[in-house]
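In what follows, a structure is listed as structure tokens, so that the remarks can point back to it.
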Amino acid sequence: MSLSFFNGTIFLSISALGILGNIFVLLIYMRMFTETKKKSIYLVFIHLAFTHTIMLLIKGLPKSLAAFGMENFLEDVGCMICFYLERVARGLSICTSTLLTLVQAITISPRDSAWRKLKVQSAWHILPPLLLFWILNSFISMNLLYHMKNISSLNMSQVTQSDSYCYFVPDNLLMRWVFLTLMVLRDAGFQGIMGVASGYMVFLLHKHHQQVAYLHTSKLLYKTSPDMKAAHNVLLLMLCFLFFYWTECVLSLLFNAFLEDNTIVVNIQEYLRVGYAILSPFILILKDRNLADCWH
């Protein structure tokens, strides 16, 4: 059994598992949004699961089929569309995760807090930011429409060993750096907001823990609110996101600086890029009681 076939089998299996998990989370939160109180955070979870489903479908299926040695069915247009949607979905994952952290931080903030003033009056008010994310990431990923090529249309001297149908061919170095700069600014900006919101949630959860400890000492009963439990879940999701994001970034820097083309390292990068999309639904299933009850 070749390494490419083995890698394709593993990648297809975990991608399929992630797709099923995200579809499950998507459907359950859609039901909760329509049948119970319409919370804005439900819409954010729905959008995150939808984004991850798109990412895994577009990333997993062509890569797995290519690894199995199946006939190249993507033309240049197919490559452009697939990789464009994948890059848009990856950007949406970052933006939506940041919005999730921000919404949860606002939800658990005290009534007299400045954060509370940012709370939306209706769950539907969360839709404009989501639309803005689509517009922003669609623009930032536009360069892929010009630089993605089907591997069969290129000379072998233009490509390295790959188990993919498509290849990135940068024609204009200036435009490449412009869009790369935009991506870095987007990631840095949204992760900065994520860090501030997460730090604020940690502060509030620490205060909450102190209050609970005092009440237990005073032999008074106190029940942790669902919003506080949800904050723990969101923080766990953000830790998962940051782990995969920064591990992939560090590995990419080391790979570009010190290593020559290495199939194993490239495959590890591919797994890291989809790790958050695959694991996030199962973190929610394990930690969110509503999802866990439906799962069982």
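Following the order of the structure tokens, chains are lettered A, B, ..., residues in each are numbered from 1, and ligands are numbered from 1.
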> Within 9 Å of Cys82 of chain A, counting only C-alpha atoms, which residues qualify if same-chain residues fewer than 6 places away don't, as a ChimeraX atom specification?
Replying inline: /A:58-59,62
Keeping only N, CA, C and O atoms, write those residues as an mmCIF file, in the first residue's frame.
data_model
loop_
_atom_site.group_PDB
_atom_site.id
_atom_site.type_symbol
_atom_site.label_atom_id
_atom_site.label_comp_id
_atom_site.auth_asym_id
_atom_site.auth_seq_id
_atom_site.Cartn_x
_atom_site.Cartn_y
_atom_site.Cartn_z
ATOM 1 N N ILE A 58 -14.864 20.586 0.295
ATOM 2 C CA ILE A 58 -14.034 21.065 -0.808
ATOM 3 C C ILE A 58 -12.575 20.630 -0.628
ATOM 4 O O ILE A 58 -11.877 20.320 -1.597
ATOM 5 N N LYS A 59 -12.130 20.576 0.617
ATOM 6 C CA LYS A 59 -10.740 20.187 0.884
ATOM 7 C C LYS A 59 -10.561 18.672 0.825
ATOM 8 O O LYS A 59 -9.602 18.171 0.236
ATOM 9 N N PRO A 62 -11.609 16.304 -3.197
ATOM 10 C CA PRO A 62 -10.621 16.289 -4.293
ATOM 11 C C PRO A 62 -9.266 15.743 -3.871
ATOM 12 O O PRO A 62 -8.628 15.001 -4.632
#
>> Just the number, please: distance in Å from atom CA of Leu17 of chain A to atom CA of Met80 of chain A, one decimal.
In response: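 For atom CA of Leu17 of chain A relative to atom CA of Met80 of chain A, the distance reads 25.8 Å.
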> Can you tell me, as a PyMOL selection string, what residues are no more than 12 Å from His232 of chain A when counting only C-alpha atoms, ignoring any on the same chain fewer than 4 positions away?
Replying inline: chain A and resi 101+104-105+108+198+201-206+208-209+224-228+236-239+283-284+287-288
May I have the selected residues written with N, CA, C and O atoms, as a short mmCIF file (atom, residue, chain, number, x, y, z; two decimals), in the first residue's frame?
data_model
loop_
_atom_site.label_atom_id
_atom_site.label_comp_id
_atom_site.auth_asym_id
_atom_site.auth_seq_id
_atom_site.Cartn_x
_atom_site.Cartn_y
_atom_site.Cartn_z
N THR A 101 -16.73 34.32 20.11
CA THR A 101 -16.11 34.73 21.36
C THR A 101 -16.66 36.07 21.84
O THR A 101 -16.95 36.25 23.03
N GLN A 104 -20.33 35.74 23.10
CA GLN A 104 -20.41 35.07 24.41
C GLN A 104 -19.88 35.98 25.52
O GLN A 104 -20.42 35.99 26.64
N ALA A 105 -18.84 36.75 25.24
CA ALA A 105 -18.31 37.69 26.24
C ALA A 105 -19.36 38.75 26.59
O ALA A 105 -19.52 39.12 27.76
N ILE A 108 -22.28 37.21 28.89
CA ILE A 108 -22.04 36.97 30.32
C ILE A 108 -21.55 38.22 31.05
O ILE A 108 -21.30 38.17 32.26
N SER A 198 -11.67 36.81 24.87
CA SER A 198 -11.38 35.60 25.66
C SER A 198 -10.80 35.97 27.02
O SER A 198 -11.16 35.38 28.05
N MET A 201 -13.57 37.10 29.22
CA MET A 201 -14.36 35.97 29.70
C MET A 201 -13.64 35.22 30.82
O MET A 201 -14.26 34.80 31.80
N VAL A 202 -12.33 35.05 30.68
CA VAL A 202 -11.55 34.39 31.74
C VAL A 202 -11.66 35.19 33.04
O VAL A 202 -11.82 34.62 34.13
N PHE A 203 -11.59 36.52 32.92
CA PHE A 203 -11.71 37.38 34.10
C PHE A 203 -13.08 37.21 34.76
O PHE A 203 -13.19 37.06 35.99
N LEU A 204 -14.15 37.20 33.95
CA LEU A 204 -15.51 37.04 34.50
C LEU A 204 -15.71 35.65 35.10
O LEU A 204 -16.35 35.51 36.15
N LEU A 205 -15.17 34.63 34.46
CA LEU A 205 -15.30 33.28 34.98
C LEU A 205 -14.53 33.11 36.28
O LEU A 205 -14.96 32.38 37.19
N HIS A 206 -13.39 33.81 36.40
CA HIS A 206 -12.63 33.77 37.65
C HIS A 206 -13.43 34.42 38.78
O HIS A 206 -13.48 33.87 39.91
N HIS A 208 -16.65 34.66 38.90
CA HIS A 208 -17.77 33.76 39.15
C HIS A 208 -17.34 32.59 40.03
O HIS A 208 -18.06 32.19 40.96
N HIS A 209 -16.15 32.06 39.76
CA HIS A 209 -15.63 30.95 40.56
C HIS A 209 -15.42 31.39 42.01
O HIS A 209 -15.72 30.60 42.95
N THR A 224 -24.80 27.21 38.67
CA THR A 224 -24.11 27.90 37.58
C THR A 224 -25.06 28.09 36.40
O THR A 224 -25.74 27.15 35.99
N SER A 225 -25.09 29.30 35.87
CA SER A 225 -26.01 29.60 34.77
C SER A 225 -25.55 28.92 33.48
O SER A 225 -24.36 28.66 33.29
N PRO A 226 -26.48 28.64 32.57
CA PRO A 226 -26.11 28.04 31.28
C PRO A 226 -25.14 28.91 30.49
O PRO A 226 -24.29 28.39 29.75
N ASP A 227 -25.26 30.24 30.62
CA ASP A 227 -24.37 31.14 29.89
C ASP A 227 -22.92 30.99 30.35
O ASP A 227 -21.99 31.07 29.54
N MET A 228 -22.74 30.79 31.66
CA MET A 228 -21.38 30.58 32.18
C MET A 228 -20.80 29.25 31.68
O MET A 228 -19.62 29.16 31.33
N LEU A 236 -12.90 26.77 25.23
CA LEU A 236 -12.27 25.52 24.81
C LEU A 236 -12.16 25.47 23.28
O LEU A 236 -11.14 25.03 22.73
N LEU A 237 -13.20 25.94 22.60
CA LEU A 237 -13.16 26.01 21.13
C LEU A 237 -12.04 26.93 20.66
O LEU A 237 -11.33 26.63 19.69
N MET A 238 -11.89 28.07 21.33
CA MET A 238 -10.87 29.03 20.92
C MET A 238 -9.46 28.48 21.15
O MET A 238 -8.55 28.71 20.36
N LEU A 239 -9.27 27.73 22.24
CA LEU A 239 -7.98 27.09 22.47
C LEU A 239 -7.67 26.08 21.36
O LEU A 239 -6.54 25.98 20.89
N ILE A 283 -16.23 18.75 20.16
CA ILE A 283 -16.07 19.48 21.42
C ILE A 283 -17.42 19.99 21.89
O ILE A 283 -17.78 19.88 23.07
N LEU A 284 -18.20 20.54 20.96
CA LEU A 284 -19.54 21.03 21.31
C LEU A 284 -20.46 19.89 21.72
O LEU A 284 -21.24 20.02 22.68
N LYS A 287 -19.49 18.88 25.26
CA LYS A 287 -19.62 19.88 26.32
C LYS A 287 -21.01 20.51 26.43
O LYS A 287 -21.40 20.95 27.50
N ASP A 288 -21.73 20.59 25.30
CA ASP A 288 -23.06 21.20 25.31
C ASP A 288 -24.10 20.12 25.61
O ASP A 288 -24.26 19.17 24.84
#
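Distances here use only C-alpha atoms; by that measure, the residue among A:Leu57, A:Leu43, A:Tyr245, A:Glu270 closest to Leu20 of chain A is A:Leu57.
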>> Give me the residues near Gly21 of chain A as a list of chain:residue names, where near means some atom within 12 Å (using only C-alpha atoms) and where sequence neighbours in that chain fewer than 3 positions away do not count.
In response: A:Ile14, A:Ser15, A:Ala16, A:Leu17, A:Gly18, A:Phe24, A:Val25, A:Leu26, A:Leu27, A:Ile28, A:Ala49, A:Phe50, A:His52, A:Thr53, A:Leu56, A:Ala277, A:Ile278, A:Leu279, A:Ser280, A:Pro281, A:Phe282, A:Ile283, A:Leu284, A:Ile285, A:Leu286, A:Leu291, A:Ala292, A:Trp295
> Which residue, A:Ser113, A:Gln191, A:Ser40, A:Ser122, has the smallest gap to Trp246 of chain A when you use only C-alpha atoms?
Replying inline: A:Gln191
> Quick one: residues within 10 Å of Met30 of chain A, only C-alpha atoms counted, chain neighbours fewer than 6 positions away excluded, as a PyMOL selection string?
Replying inline: chain A and resi 24+36+38+42-43+45-46
> When you draw a straight line from atom CA of Asn143 of chain A to atom CA of Leu185 of chain A, how long is it in Å?
Replying inline: 16.0 Å
> Looking at only C-alpha atoms, which of A:Trp115, A:Phe255, A:Tyr271, A:Phe179 is the one that sits closest to Ser141 of chain A?
Replying inline: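 Ranking A:Trp115, A:Phe255, A:Tyr271, A:Phe179 by distance to Ser141 of chain A, first place goes to A:Phe179.
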>> With distances taken over only C-alpha atoms, which residue among A:Leu92, A:Ile106, A:Ile264, A:Lys39 lies nearest Ile135 of chain A?
In response: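 The shortest atom-to-atom distance to Ile135 of chain A comes from A:Leu92.
Coordinates place atom CA of Phe83 of chain A at a distance of 24.2 Å from atom CA of Leu99 of chain A.
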